[in-house]
Each structure stands twice: as C-alpha cells, then as structure tokens.
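Peer 1: Below is the structure I would like to discuss, written out as structure tokens.
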Amino acid sequence: MNKPLLLILALLSLPSFAADRELRPSAPTITRSGYERGVSLNAQVTTLTLGDAVYLGLRNNPRIRSAYLQRVAQKFDLRVAEDTFNPKLVLNSSYRSTQGSEDRARNANLAPAATLLGEYGTQLSMAWTQQLNNADRAGRYRSDGLNLAIIQPLMRGAGWDATTAPLRLSRLAEQANRLNLKANVAQTISQIIATYRELLRSQEQLSISQEALKRSMTLLEVNRALIDAGRMAEFEIVQTEADIATQQLGVEEAQNQLDISRLSLLRLLALDLSTPIRATEALEASRMDIDKRQAFNLAQTQQPDYLATLLGSQQADLNLVIAKDSGRWRVDLVAGANQVRDVTNNATGNTHNRRWDSYTGIQVQIPIGDISTRQAEVRARVNVEDQAILITDARQELERNVNNVVRDLGTRWRQYEIAQRAVELSRRKIDIERDKLSAGRSTNFQVLSFEADLRNAENARLNALIAYLNAQTQLDLTLGMTLESWEIALNDY
C-alpha cells in the first residue's frame, strides 16, 4: 500500500513543481552587432552610447521587468484554458478510527473520480469507490463499485462553437497580451532614447554656453587692449562685463539642466542615481524619404495598438457566441451504469453481494419569466457593433498619426537645414564684426549683439537636430517598427 501512495503523492507534486518553474520571467535581448556586451559602471565617469542605454534599459528598466513578470501569470492562464479538454482526476480518500462503548472500528475509504469534456460538449465521468471497515465485534466489511456516466447537451453547451469559445477567447487574449508586451517594450525604449538625447542636448548646451563665455572673455581682453590704446571709451567695457555675467548665469543653468537629464536617464535605466555618466553618441543625421501610403500599409500590419483593436472585434464575436449559448434552455441526454460489490465477514459467516444497474434519459431545465438570461446577449450584441465603430475610428486614427509623423519628419529636416545655414552665416557675421571692431569701424554693442545671435543660432540648430532624430524614433513607434529597427528579440515564448 505504501508504494502506490508514494506514487500518488509524487504525481500530485508535479503541477506544483511545474508552476514553480513557470515563475521565471524571460527578458528581451538586443541582437544588433556590438550591443550584446556588458557596460562597466565602475569607471570614474561612465560613457554611454545610445546602444548601451538601450541595452541597459532592456535589462534593468522596472516597467519592462514588470511586464515580463505579468507574462508569467498570463501564460499560465492560457495553459489553464487549454487544459479544459484534458482528463481531470480527483482523488478522495479518508481513514478513520472509531472507539465506542461497544466496539472499536477502523474505516478506510478511497474514491478516485475522472472526468472528460469533449469539444462538442460531451461530458464523460468515471468514479470508483472502495470502502474497507474492520471492527472488533462487527467483523470486516469491504465494498467497491464503479460508476460510469455520459451527458450530451442538446441545446446549451452543445456544439463545437459554444464549447470551444472560451478556449478561443483565451488564445485571442494571449495574442493581445503579446501585442501589449511589444507596445510596452517599444514605448519604454523610445522613452529611453528620447531621454538619452535630452542628456546629449544638455551636454551640448553646456558646451555652447562655455564656448560663449570664452568668447566673451576674449572680447573683454580685446576691449581692454583697445582702451589702453585709446581707441575705446572706458565705460563701454561695462557692456562686455555684463555679458560675461549673463554667460556665467547661462553656464550654471546649463549645468543644472545637465544634472536633471542625467538623473532622468539613470532612473529609466534603474541605475544608482549617483553614477556619473556621459552620453557619447555622435549627433548626426541623414535625410529620410518616406512614402505615406507604404508607411500606412506597414503600420496596419505592425502597429500593436491597432492590431489589438482588431483582436477586440474577434473577442466580441466570441463573447456573443457565449452569451447566446448561456441564454438557451438546458436539454441533456444522460446515460450511465454502475456496479457495486460488497463482502461481509463476521461471526455469523461470510456474505457476498454483487449488483449493477444502468439508466438512460433526458433532463431539462427551462427558465420562465427571467429576462436576465438575455442581458448578457444584449450587451454582447452592443459590444459587437461598438467594436465595428472602434475599428473604423482606429484605422482613421492610425492613418492620421502616420501622416502626421511622416510630414513632421520632412518638416524637421528642412528646419535642421535652415538652422545649419543660420549658424554658418552667424559665424561669418561675428568674425567680420570682430575684424571691424579691431579696425575701429564697429561698436562693442554690435559685437555683443552678434554674439547673442550666434548662441541662439547654435541652440536652434541643436534643437532642430534633436527634434529630427526624435521624429525618426516617433516614426518607428507609430509604425510599430521600434523593435525591428533595434533588432530586439522579445523572447516571449
């Protein structure tokens, strides 16, 4: 008796062991060449490329890790749904020792039961019961029996469509969960990219402010030389000194903005906020020409939110099938058989009995006067029609977003080209004006004014470049191509 008991306990422990193994979430990986490497955070200043930031984000970002942890439960939900049509075994057993004033008895009971649901609603059940009773005076009593039953629904729960609808609904939910995971990872990666570029912007703005301060200091030396030579009034140097104070204020503000951007990126990468990092990605761009129609066609096959809306329509159809089925009458064909055998051994002798019986019939359950049975069907029909409206609106929304992002990409590139020309002209203008100042043909105020124009032009070019690069990232996100562009594998098996 011990060996079968140990075997049963071992079998019962398998589902728990499998569940423990499932609680190991996967993680996305980046397969782009050169980015499958570790990033050392032990250096005095950690230099990060954009690829390094994406790699660390995939590994550490809390939002991504939480999404993959949720996938553990979601995958197990699908396993439970797919297990619907597998045989189920329930083992009931008991042992009891009874001490009375007239007799003492031991009773053991074992009653395993197996059930099976077919894809057309057929329900099969088989149960076996064994009972053993051993008393000091009453003697021994043993009974065992087998029960077989079959139920075939004719209305509610009958047919492949109604029976498998919950399973198909779970599979659609799994597809929606995968799309949601893709969208979460893509949005997080886009956020990391944008934050990384904000750090680049802050570094460049600090550099622009420092260079402007150096030029102001140089101009101050030129002013002093002109004053010593008697070619400039002494009071005019106040303009340059005031400009230097303004540039020093700009440097402080740029440094503060740099720290804010650095902390924002470290937060997204889930790194120690005291880690000194510096963005080293080259700020460069090339023109992209995108066809709106091709982009829209690609978005219709790749954009996770749009595809999830399409799945919502299929889910609504299945919910209507389930709701219509639940409102039907319950009419079932039933059939079964059972056999019982018992043996009694006591002081009066031994007795053996065996009996069996079978049955067939029909059972009917008809609700009368209860309109709540149609409530779920009415809601499901409304949801089906509402999903059709949502799909039309989602398609139009997707087309609008694609048109906007493609147009914005072209506009940002033209702005960047204009900003580049503005910087070149501003540099030529300030060089000419400095030469005129040295020759006494210009004023200190004019040079300072042109210096401000150059700073504004450099900042405008930097902002235009960052805006163009961010527009490229937004294009990938809108088309649903962020993971493909970065060669990121979700590893969501």
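Order determines the names: the first chain of the structure tokens is A, the second B, and so forth; residues in each chain are numbered 1 upward, and ligands are numbered 1 upward as they are shown.
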Would you list the contacts of Ile488 in chain A as a VMD selection string, taking every protein, DNA or RNA residue within 8 Å and counting only C-alpha atoms, but skipping same-chain residues closer than 5 positions in sequence?
Peer 2: chain A and resid 28 to 32 483
Peer 1: Take the residues from that selection and put them in a file with C-alpha atoms, as a compact mmCIF listing (two decimals), in the first residue's frame.
Peer 2:
# COMPACT_ATOMS: atom_id res chain seq x y z
CA PRO A 28 14.16 40.92 -24.05
CA THR A 29 17.57 40.99 -25.70
CA ILE A 30 19.15 43.17 -28.34
CA THR A 31 20.81 41.28 -31.17
CA ARG A 32 22.27 44.24 -33.04
CA LEU A 483 11.90 46.53 -32.00
Peer 1: Quick one: of A:Leu268, A:Leu258, A:Leu124, A:Ala299, who's nearest to Arg201 in chain A, counting only C-alpha atoms?
Peer 2: A:Leu258
Peer 1: Looking at only C-alpha atoms, which of A:Ile362, A:Leu390, A:Leu454, A:Met288 is the one that sits closest to Arg412 in chain A?
Peer 2: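 Of the candidates, the smallest distance to Arg412 in chain A is held by A:Met288.
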Peer 1: DSSP on the backbone: which residues in range 289-366 of chain A end up as strand (DSSP E)? Give the answer as a PDB file with N, CA and C atoms, in the first residue's frame.
Peer 2:
ATOM      1  N   ARG A 330     -31.551  24.340 -21.117  1.00  0.00           N
ATOM      2  CA  ARG A 330     -30.659  23.203 -20.889  1.00  0.00           C
ATOM      3  C   ARG A 330     -31.432  21.913 -21.119  1.00  0.00           C
ATOM      4  N   VAL A 331     -31.064  21.225 -22.178  1.00  0.00           N
ATOM      5  CA  VAL A 331     -31.667  19.933 -22.521  1.00  0.00           C
ATOM      6  C   VAL A 331     -30.517  18.961 -22.758  1.00  0.00           C
ATOM      7  N   ASP A 332     -30.394  17.928 -21.917  1.00  0.00           N
ATOM      8  CA  ASP A 332     -29.267  16.999 -21.986  1.00  0.00           C
ATOM      9  C   ASP A 332     -29.760  15.565 -22.067  1.00  0.00           C
ATOM     10  N   LEU A 333     -29.086  14.787 -22.914  1.00  0.00           N
ATOM     11  CA  LEU A 333     -29.253  13.340 -22.877  1.00  0.00           C
ATOM     12  C   LEU A 333     -28.297  12.774 -21.835  1.00  0.00           C
ATOM     13  N   VAL A 334     -28.784  11.880 -20.985  1.00  0.00           N
ATOM     14  CA  VAL A 334     -27.940  11.308 -19.937  1.00  0.00           C
ATOM     15  C   VAL A 334     -28.016   9.787 -20.026  1.00  0.00           C
ATOM     16  N   ALA A 335     -26.917   9.154 -19.725  1.00  0.00           N
ATOM     17  CA  ALA A 335     -26.856   7.691 -19.674  1.00  0.00           C
ATOM     18  C   ALA A 335     -25.761   7.311 -18.700  1.00  0.00           C
ATOM     19  N   GLY A 336     -25.928   6.151 -18.056  1.00  0.00           N
ATOM     20  CA  GLY A 336     -24.928   5.733 -17.096  1.00  0.00           C
ATOM     21  C   GLY A 336     -25.133   4.311 -16.644  1.00  0.00           C
ATOM     22  N   ALA A 337     -24.131   3.818 -15.943  1.00  0.00           N
ATOM     23  CA  ALA A 337     -24.190   2.466 -15.386  1.00  0.00           C
ATOM     24  C   ALA A 337     -23.318   2.425 -14.151  1.00  0.00           C
ATOM     25  N   ASN A 338     -23.679   1.553 -13.201  1.00  0.00           N
ATOM     26  CA  ASN A 338     -22.857   1.394 -12.014  1.00  0.00           C
ATOM     27  C   ASN A 338     -22.918  -0.052 -11.558  1.00  0.00           C
ATOM     28  N   GLN A 339     -21.863  -0.428 -10.893  1.00  0.00           N
ATOM     29  CA  GLN A 339     -21.756  -1.783 -10.361  1.00  0.00           C
ATOM     30  C   GLN A 339     -21.191  -1.711  -8.962  1.00  0.00           C
ATOM     31  N   VAL A 340     -21.784  -2.454  -8.019  1.00  0.00           N
ATOM     32  CA  VAL A 340     -21.354  -2.465  -6.623  1.00  0.00           C
ATOM     33  C   VAL A 340     -21.152  -3.910  -6.186  1.00  0.00           C
ATOM     34  N   ARG A 341     -20.057  -4.153  -5.477  1.00  0.00           N
ATOM     35  CA  ARG A 341     -19.773  -5.477  -4.926  1.00  0.00           C
ATOM     36  C   ARG A 341     -19.354  -5.299  -3.472  1.00  0.00           C
ATOM     37  N   ASP A 342     -19.981  -6.065  -2.576  1.00  0.00           N
ATOM     38  CA  ASP A 342     -19.610  -5.949  -1.165  1.00  0.00           C
ATOM     39  C   ASP A 342     -19.429  -7.349  -0.566  1.00  0.00           C
ATOM     40  N   VAL A 343     -18.554  -7.406   0.419  1.00  0.00           N
ATOM     41  CA  VAL A 343     -18.212  -8.656   1.104  1.00  0.00           C
ATOM     42  C   VAL A 343     -18.258  -8.392   2.602  1.00  0.00           C
ATOM     43  N   THR A 344     -18.977  -9.250   3.340  1.00  0.00           N
ATOM     44  CA  THR A 344     -19.066  -9.128   4.798  1.00  0.00           C
ATOM     45  C   THR A 344     -18.517 -10.395   5.441  1.00  0.00           C
ATOM     46  N   ASN A 345     -17.667 -10.208   6.437  1.00  0.00           N
ATOM     47  CA  ASN A 345     -17.054 -11.346   7.137  1.00  0.00           C
ATOM     48  C   ASN A 345     -17.150 -11.075   8.635  1.00  0.00           C
ATOM     49  N   ASN A 346     -18.050 -11.808   9.312  1.00  0.00           N
ATOM     50  CA  ASN A 346     -18.208 -11.638  10.758  1.00  0.00           C
ATOM     51  C   ASN A 346     -18.502 -12.978  11.413  1.00  0.00           C
ATOM     52  N   GLY A 349     -20.806 -15.500   9.645  1.00  0.00           N
ATOM     53  CA  GLY A 349     -20.402 -16.111   8.387  1.00  0.00           C
ATOM     54  C   GLY A 349     -19.985 -15.076   7.357  1.00  0.00           C
ATOM     55  N   ASN A 350     -19.804 -15.553   6.138  1.00  0.00           N
ATOM     56  CA  ASN A 350     -19.373 -14.687   5.041  1.00  0.00           C
ATOM     57  C   ASN A 350     -20.527 -14.504   4.051  1.00  0.00           C
ATOM     58  N   THR A 351     -20.692 -13.266   3.584  1.00  0.00           N
ATOM     59  CA  THR A 351     -21.715 -12.985   2.560  1.00  0.00           C
ATOM     60  C   THR A 351     -21.082 -12.199   1.425  1.00  0.00           C
ATOM     61  N   HIS A 352     -21.493 -12.512   0.205  1.00  0.00           N
ATOM     62  CA  HIS A 352     -21.006 -11.828  -0.989  1.00  0.00           C
ATOM     63  C   HIS A 352     -22.215 -11.326  -1.777  1.00  0.00           C
ATOM     64  N   ASN A 353     -22.213 -10.060  -2.126  1.00  0.00           N
ATOM     65  CA  ASN A 353     -23.288  -9.474  -2.929  1.00  0.00           C
ATOM     66  C   ASN A 353     -22.701  -8.707  -4.109  1.00  0.00           C
ATOM     67  N   ARG A 354     -23.362  -8.784  -5.232  1.00  0.00           N
ATOM     68  CA  ARG A 354     -22.953  -8.022  -6.423  1.00  0.00           C
ATOM     69  C   ARG A 354     -24.220  -7.573  -7.132  1.00  0.00           C
ATOM     70  N   ARG A 355     -24.278  -6.306  -7.472  1.00  0.00           N
ATOM     71  CA  ARG A 355     -25.442  -5.774  -8.178  1.00  0.00           C
ATOM     72  C   ARG A 355     -24.975  -4.692  -9.161  1.00  0.00           C
ATOM     73  N   TRP A 356     -25.761  -4.493 -10.164  1.00  0.00           N
ATOM     74  CA  TRP A 356     -25.485  -3.445 -11.141  1.00  0.00           C
ATOM     75  C   TRP A 356     -26.787  -2.927 -11.709  1.00  0.00           C
ATOM     76  N   ASP A 357     -26.733  -1.687 -12.230  1.00  0.00           N
ATOM     77  CA  ASP A 357     -27.887  -1.117 -12.895  1.00  0.00           C
ATOM     78  C   ASP A 357     -27.417  -0.066 -13.887  1.00  0.00           C
ATOM     79  N   SER A 358     -28.277   0.287 -14.798  1.00  0.00           N
ATOM     80  CA  SER A 358     -27.982   1.296 -15.814  1.00  0.00           C
ATOM     81  C   SER A 358     -29.201   2.160 -16.024  1.00  0.00           C
ATOM     82  N   TYR A 359     -28.991   3.297 -16.643  1.00  0.00           N
ATOM     83  CA  TYR A 359     -30.102   4.220 -16.858  1.00  0.00           C
ATOM     84  C   TYR A 359     -29.838   5.050 -18.105  1.00  0.00           C
ATOM     85  N   THR A 360     -30.850   5.521 -18.732  1.00  0.00           N
ATOM     86  CA  THR A 360     -30.815   6.483 -19.836  1.00  0.00           C
ATOM     87  C   THR A 360     -31.990   7.417 -19.668  1.00  0.00           C
ATOM     88  N   GLY A 361     -31.853   8.634 -20.170  1.00  0.00           N
ATOM     89  CA  GLY A 361     -32.958   9.566 -20.028  1.00  0.00           C
ATOM     90  C   GLY A 361     -32.605  10.939 -20.559  1.00  0.00           C
ATOM     91  N   ILE A 362     -33.412  11.880 -20.233  1.00  0.00           N
ATOM     92  CA  ILE A 362     -33.232  13.265 -20.661  1.00  0.00           C
ATOM     93  C   ILE A 362     -33.553  14.166 -19.478  1.00  0.00           C
ATOM     94  N   GLN A 363     -32.762  15.219 -19.327  1.00  0.00           N
ATOM     95  CA  GLN A 363     -33.028  16.188 -18.263  1.00  0.00           C
ATOM     96  C   GLN A 363     -33.155  17.573 -18.887  1.00  0.00           C
ATOM     97  N   VAL A 364     -34.132  18.327 -18.404  1.00  0.00           N
ATOM     98  CA  VAL A 364     -34.486  19.619 -18.989  1.00  0.00           C
ATOM     99  C   VAL A 364     -34.535  20.668 -17.894  1.00  0.00           C
ATOM    100  N   GLN A 365     -33.988  21.840 -18.217  1.00  0.00           N
ATOM    101  CA  GLN A 365     -34.058  22.977 -17.295  1.00  0.00           C
ATOM    102  C   GLN A 365     -34.461  24.200 -18.120  1.00  0.00           C
TER     103      GLN A 365
END
Peer 1: Tell me, as a list in words, which residues lie within 9 Å of Gly57 in chain A, counting only C-alpha atoms; anything in the same chain fewer than 3 positions away does not count.
Peer 2: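 Contacts, in chain order: Asp52, Ala53, Val54, Asn60, Asn61, Pro62, Ile64, Thr188, Ile189, Ile192, Leu268, Leu269 and Ala270 of chain A.
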Peer 1: Which is closest to Leu311 in chain A among A:Gln210, A:Thr373, A:Thr122, A:Gln175, if we use only C-alpha atoms?
Peer 2: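 Once distances to Leu311 in chain A are computed over only C-alpha atoms, the minimum belongs to A:Gln175.
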Peer 1: Pick out the residues sitting within 6 Å of range 241-256 of chain A, and hand them over as a PyMOL selection string; count only C-alpha atoms, and ignore anything fewer than 6 positions along from it in its own chain.
Peer 2: chain A and resi 206+209+213+216
Peer 1: Please, could you write that set of residues out with N, CA and C atoms as a PDB file, in the first residue's frame?
Peer 2:
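As written to disk, out22.pdb reads:
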ATOM      1  N   LEU A 206      25.514  72.985 -22.585  1.00  0.00           N
ATOM      2  CA  LEU A 206      26.560  73.404 -21.663  1.00  0.00           C
ATOM      3  C   LEU A 206      27.818  73.785 -22.420  1.00  0.00           C
ATOM      4  N   SER A 209      27.288  77.162 -24.022  1.00  0.00           N
ATOM      5  CA  SER A 209      27.373  78.231 -23.015  1.00  0.00           C
ATOM      6  C   SER A 209      28.823  78.484 -22.616  1.00  0.00           C
ATOM      7  N   LEU A 213      31.002  81.867 -23.209  1.00  0.00           N
ATOM      8  CA  LEU A 213      31.697  82.547 -22.115  1.00  0.00           C
ATOM      9  C   LEU A 213      33.161  82.789 -22.475  1.00  0.00           C
ATOM     10  N   SER A 216      33.341  85.669 -24.790  1.00  0.00           N
ATOM     11  CA  SER A 216      33.116  86.931 -24.070  1.00  0.00           C
ATOM     12  C   SER A 216      34.367  87.338 -23.302  1.00  0.00           C
TER      13      SER A 216
END
Peer 1: Work out how far CA of Ala212 in chain A is from CA of Thr411 in chain A, in Å to one decimal.
Peer 2: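 Computing it gives 29.0 Å between the two atoms.
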Peer 1: Give the alpha helix (DSSP H) residues of range 32-179 of chain A, as assigned by DSSP on the backbone, as a PyMOL selection string.
Peer 2: chain A and resi 50-60+62-82+160-179
Peer 1: Compile the contact shell of range 97-104 of chain A as a PDB file with C-alpha atoms, in the first residue's frame: residues with an atom at most 12 Å away, counting only C-alpha atoms, same-chain residues fewer than 4 positions apart removed.
Peer 2:
ATOM      1  CA  ALA A 108     -10.676   3.376   5.146  1.00  0.00           C
ATOM      2  CA  ASN A 109     -12.246   4.940   2.065  1.00  0.00           C
ATOM      3  CA  LEU A 132     -12.942  -1.117   3.981  1.00  0.00           C
ATOM      4  CA  ASN A 133     -14.342  -1.365   7.533  1.00  0.00           C
ATOM      5  CA  ASN A 134     -12.753  -3.566  10.205  1.00  0.00           C
ATOM      6  CA  ALA A 135     -14.460  -3.792  13.622  1.00  0.00           C
ATOM      7  CA  ASP A 136     -13.575  -5.960  16.599  1.00  0.00           C
ATOM      8  CA  ARG A 137     -17.122  -7.298  17.064  1.00  0.00           C
ATOM      9  CA  ALA A 138     -18.979  -6.440  13.849  1.00  0.00           C
ATOM     10  CA  GLY A 139     -16.247  -8.010  11.750  1.00  0.00           C
ATOM     11  CA  ARG A 140     -14.925  -6.946   8.378  1.00  0.00           C
TER      12      ARG A 140
END
